[in-house]
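These notes are about the structure you will find just below.
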Amino acid sequence: MAKWGEGDPRWIVEERPDATNVNNWHWTEKNATPWSKEKLTALLDGFVIADAGQECTITKIEKLEGEATANNRKGKLIFFYEWNITLVWSGRCQDEEVTGKVSVPNLSEENDVDEVELTVSVDNSNEASQKLKMFMYNIGRDKLRTQLGCYISSLKADFAKGLILPKKDVNGEELAPPKQDKQTVFASGFNKMKIDLETVTSSDDSAKKVGCKLDVKTLKIVEKFQCQVHELYDALTREDMVTAFTRGHVKHEMFKGGDFVYFGGNISGKFEDIVPNKKIVHTWRYKQWPAGHYSTVTMQFEEKEDHTVLNMTQTMIPSAELETTRQNWERYYWNSIRSAFGFGSFLC
């Protein structure tokens with residue numbers, strides 16, 4: 001049995017002024033909700049979105065509901081936050097005042113900030129309103145995501161100060177707090193580790209970023225369907241048909257710059273180019289890929305005498321995910337489309 005004062009320093013509590021959590025061993029929790037409301041209000045209320053001669057302003061925070069906590073366990077910081085936010089915005093276009101709202105239904109640790117859903121609406125339907133709605137959709141959402149990212153960074157860097165207390169060694173000397181080079185986020189029972197991983201796509205020194213190189217591959221697929229070209233195109237572009245073959249709720253904004261989210265959020269991206277019955281180009285990512293990394297999918301349609309050929313090229317796939325990605329396209333897209341709409345298969 002160790003002598004008094006010579007045992008595990010985690011349990012030497014009599015020398016600590018607080019005598020509560022020696023060497024950060026026990027779980028501690030700090031309520032971040034009031035601080036978060038103040039921070040989000042400061043970042044969003046009155047925020048001006050301006051670009052290319054257009055300007056809109058967040059005039060009111062109509063809804064700010066949710067909670068946030070910062071936790072310490074064994075010297076690791078763990079964050080939980082979930083917010084439902086509704087913003088009122090206004091702007092002027094063609095000498096008309098336009099008003100609308102931006103809804104953020106689920107800002108939480110379960111999603112990276114660039115995956116957070118923002119829905120834009122306008123109060124009236126006219127040419128000026130639609131023009132500013134597209135401005136808020138294409139420009140405003142990205143700028144608002146940046147503000148939300150500032151909140152998350154401040155929560156982890158500023159609010160969490162003091163949660164990790166200085167440790168003491170066996171001699172009673174205080175040790176420096178451990179470096180937090182990794183931050184753990186618990187979401188739905190799974191640990192989601194945040195890592196800084198940048199995709200390197202250019203040899204230009206000015207374009208290089210600090211990070212790790214990601215080995216990527218290109219996938220090419222040719223599929224034949226027993227249907228007319230417009231039927232296959234509709235299956236991939238009409239929201240009701242996409243919902244049918246994915247067997248679940250989808251977000252599907254079929255216009256250039258529009259977002260899509262399929263399979264419960266596991267697949268997401270943005271439409272880049274649309275030529276009806278001929279071509280679809282969109283970014284595409286699997287949720288488990290490195291944060292911020294997107295591939296590019298190009299689908300080209302060619303109608304034959306008795307069938308339609310789909311030529312698909314997908315670039316920038318993480319090498320380790322190439323075969324899994326190929327199998328998932330086959331299982332969850334092509335076979336599911338054939339099964340849902342009776343487009344048949346070819347043996348050769």
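Each chain in the structure tokens gets a letter, A, B and so on, in the order shown; residues start at 1 in every chain, and ligands are counted from 1 in the order they appear.
Within 8 Å of segment 220-232 of chain A, once only C-alpha atoms are used and residues closer than 3 positions along the same chain are dropped, the contacting residues are Ala235, Leu236, Asn277, Phe301, Glu302, Glu303, Asp306, His307, Thr308, Val309, Leu310, Asn311, Met312, Thr313, Gln314, Trp334, Arg338, Phe343, Gly344, Ser345 and Phe346 of chain A.
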Which of segment 247-340 of chain A end up as alpha helix (DSSP H) when DSSP is run on this backbone - answer as an mmCIF file with C-alpha atoms, in the first residue's frame?
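Generated output (selection30.cif):
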data_model
loop_
_atom_site.group_PDB
_atom_site.id
_atom_site.type_symbol
_atom_site.label_atom_id
_atom_site.label_comp_id
_atom_site.auth_asym_id
_atom_site.auth_seq_id
_atom_site.Cartn_x
_atom_site.Cartn_y
_atom_site.Cartn_z
ATOM 1 C CA LEU A 322 -13.115 3.588 -54.735
ATOM 2 C CA GLU A 323 -14.467 0.041 -54.687
ATOM 3 C CA THR A 324 -17.042 0.789 -51.985
ATOM 4 C CA THR A 325 -18.259 3.773 -54.006
ATOM 5 C CA ARG A 326 -18.595 1.601 -57.133
ATOM 6 C CA GLN A 327 -20.602 -1.018 -55.245
ATOM 7 C CA ASN A 328 -22.856 1.584 -53.636
ATOM 8 C CA ASN A 335 -30.368 -1.583 -59.151
ATOM 9 C CA SER A 336 -32.780 0.483 -57.081
ATOM 10 C CA ILE A 337 -33.846 2.521 -60.144
ATOM 11 C CA ARG A 338 -34.432 -0.655 -62.169
ATOM 12 C CA SER A 339 -36.428 -2.189 -59.333
ATOM 13 C CA ALA A 340 -38.518 0.913 -58.642
#
Hey, what's within 10 Å of Ala50 of chain A if we count only C-alpha atoms and toss same-chain stuff fewer than 4 positions away? As an mmCIF file with N, CA, C and O atoms, in the first residue's frame, please?
data_model
loop_
_atom_site.group_PDB
_atom_site.id
_atom_site.type_symbol
_atom_site.label_atom_id
_atom_site.label_comp_id
_atom_site.auth_asym_id
_atom_site.auth_seq_id
_atom_site.Cartn_x
_atom_site.Cartn_y
_atom_site.Cartn_z
ATOM 1 N N GLN A 54 -25.191 43.682 -54.826
ATOM 2 C CA GLN A 54 -26.397 43.303 -54.095
ATOM 3 C C GLN A 54 -26.107 43.343 -52.602
ATOM 4 O O GLN A 54 -24.985 43.095 -52.167
ATOM 5 N N GLU A 55 -27.132 43.642 -51.821
ATOM 6 C CA GLU A 55 -26.946 43.709 -50.370
ATOM 7 C C GLU A 55 -28.229 43.332 -49.638
ATOM 8 O O GLU A 55 -29.313 43.801 -49.990
ATOM 9 N N CYS A 56 -28.081 42.449 -48.667
ATOM 10 C CA CYS A 56 -29.190 42.082 -47.791
ATOM 11 C C CYS A 56 -28.700 42.119 -46.350
ATOM 12 O O CYS A 56 -27.516 41.939 -46.083
ATOM 13 N N THR A 57 -29.632 42.361 -45.424
ATOM 14 C CA THR A 57 -29.277 42.496 -44.016
ATOM 15 C C THR A 57 -30.180 41.615 -43.161
ATOM 16 O O THR A 57 -31.395 41.545 -43.404
ATOM 17 N N PHE A 135 -29.984 35.370 -54.669
ATOM 18 C CA PHE A 135 -28.771 35.968 -54.100
ATOM 19 C C PHE A 135 -28.526 35.410 -52.692
ATOM 20 O O PHE A 135 -27.400 35.028 -52.346
ATOM 21 N N MET A 136 -29.575 35.350 -51.895
ATOM 22 C CA MET A 136 -29.424 34.809 -50.542
ATOM 23 C C MET A 136 -29.103 33.316 -50.586
ATOM 24 O O MET A 136 -28.363 32.802 -49.735
ATOM 25 N N ILE A 139 -25.251 33.219 -52.330
ATOM 26 C CA ILE A 139 -24.205 33.982 -51.625
ATOM 27 C C ILE A 139 -24.469 34.027 -50.123
ATOM 28 O O ILE A 139 -23.588 33.773 -49.313
ATOM 29 N N GLY A 140 -25.715 34.335 -49.774
ATOM 30 C CA GLY A 140 -26.038 34.538 -48.365
ATOM 31 C C GLY A 140 -25.825 33.308 -47.506
ATOM 32 O O GLY A 140 -25.321 33.402 -46.377
ATOM 33 N N LYS A 143 -22.145 32.849 -46.585
ATOM 34 C CA LYS A 143 -21.680 33.853 -45.627
ATOM 35 C C LYS A 143 -22.268 33.596 -44.234
ATOM 36 O O LYS A 143 -21.595 33.800 -43.214
#
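Atom to atom, atom CA of Ala52 of chain A and atom CA of Leu132 of chain A stand 12.2 Å apart.
Using only C-alpha atoms, the smallest distance between any of A:Trp35, A:Gln147, A:Ile267, A:Arg238 and Glu253 of chain A comes from A:Arg238.
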One residue among A:Thr41, A:Thr119, A:Asn106, A:Thr59 is nearest to Asp142 of chain A when using only C-alpha atoms, and that residue is A:Thr119
Atom pair atom CA of Val281 of chain A + atom CA of Val102 of chain A, distance 26.8 Å
Which neighbours of Glu82 of chain A fall inside 7 Å, counting only C-alpha atoms, when residues of the same chain fewer than 3 positions from it are skipped, and could you give them as a list of chain:residue names?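 So, after excluding close chain neighbours, the residues are A:Gly66, A:Glu67, A:Ala68, A:Asn106, A:Leu107, A:Ser108.
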Give the answer as one residue: which of A:Leu40, A:Leu219, A:Val98, A:Ile274 has the shortest atom-to-atom distance to Tyr233 of chain A, using only C-alpha atoms?
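So, comparing all the options, the nearest one is A:Ile274.
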Q.
List the spatial neighbours of Leu87 of chain A as a PyMOL selection string - criterion: any atom at most 7 Å away, only C-alpha atoms, same-chain residues fewer than 5 positions off excluded.
A. chain A and resi 58+60-62+101-103
Could the residues in this selection be saved with N, CA, C and O atoms as a short mmCIF file (atom, residue, chain, number, x, y, z; two decimals), in the first residue's frame?
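Result saved to selection.cif:
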data_model
loop_
_atom_site.label_atom_id
_atom_site.label_comp_id
_atom_site.auth_asym_id
_atom_site.auth_seq_id
_atom_site.Cartn_x
_atom_site.Cartn_y
_atom_site.Cartn_z
N ILE A 58 -29.58 40.95 -42.19
CA ILE A 58 -30.37 40.21 -41.20
C ILE A 58 -30.93 41.24 -40.22
O ILE A 58 -30.19 41.85 -39.46
N LYS A 60 -33.56 40.70 -37.96
CA LYS A 60 -34.15 40.20 -36.72
C LYS A 60 -33.86 38.71 -36.57
O LYS A 60 -33.81 37.98 -37.56
N ILE A 61 -33.64 38.29 -35.35
CA ILE A 61 -33.57 36.85 -35.04
C ILE A 61 -34.92 36.46 -34.48
O ILE A 61 -35.26 36.76 -33.34
N GLU A 62 -35.72 35.83 -35.31
CA GLU A 62 -37.09 35.49 -34.93
C GLU A 62 -37.14 34.31 -33.97
O GLU A 62 -37.98 34.24 -33.07
N LYS A 101 -37.02 35.11 -45.01
CA LYS A 101 -36.47 34.42 -43.84
C LYS A 101 -35.43 33.40 -44.27
O LYS A 101 -35.45 32.89 -45.39
N VAL A 102 -34.52 33.11 -43.34
CA VAL A 102 -33.57 32.01 -43.47
C VAL A 102 -33.76 31.11 -42.26
O VAL A 102 -33.69 31.57 -41.12
N SER A 103 -34.02 29.84 -42.50
CA SER A 103 -34.22 28.88 -41.42
C SER A 103 -33.01 27.95 -41.31
O SER A 103 -32.53 27.44 -42.32
#
Ile280 of chain A surroundings by only C-alpha atoms, 8 Å radius, close-in-sequence under 2 positions cut, as an MDAnalysis selection string
chainID A and resid 271:276 278 282 298:300
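The smallest atom-to-atom distance between His293 of chain A and any of A:Glu305, A:Asp112, A:Asp259, A:Glu65, using only C-alpha atoms, is found for A:Asp112.
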**Study point:** Close residues, Phe80 of chain A itself excluded, 7 Å, only C-alpha atoms, min 6 positions apart in chain, as a VMD selection string
**Key:** chain A and resid 68 to 70 109
Quick one: distance from atom CA of Asn111 of chain A to atom CA of Ala244 of chain A in Å, one decimal?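 Separation between atom CA of Asn111 of chain A and atom CA of Ala244 of chain A: 25.3 Å.
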My list of candidates is A:Ala42, A:Val120, A:Ala291, A:Val113. Which is closest to Thr146 of chain A when distances are computed with only C-alpha atoms?
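When distances to Thr146 of chain A are compared using only C-alpha atoms, the smallest one comes from A:Val113.
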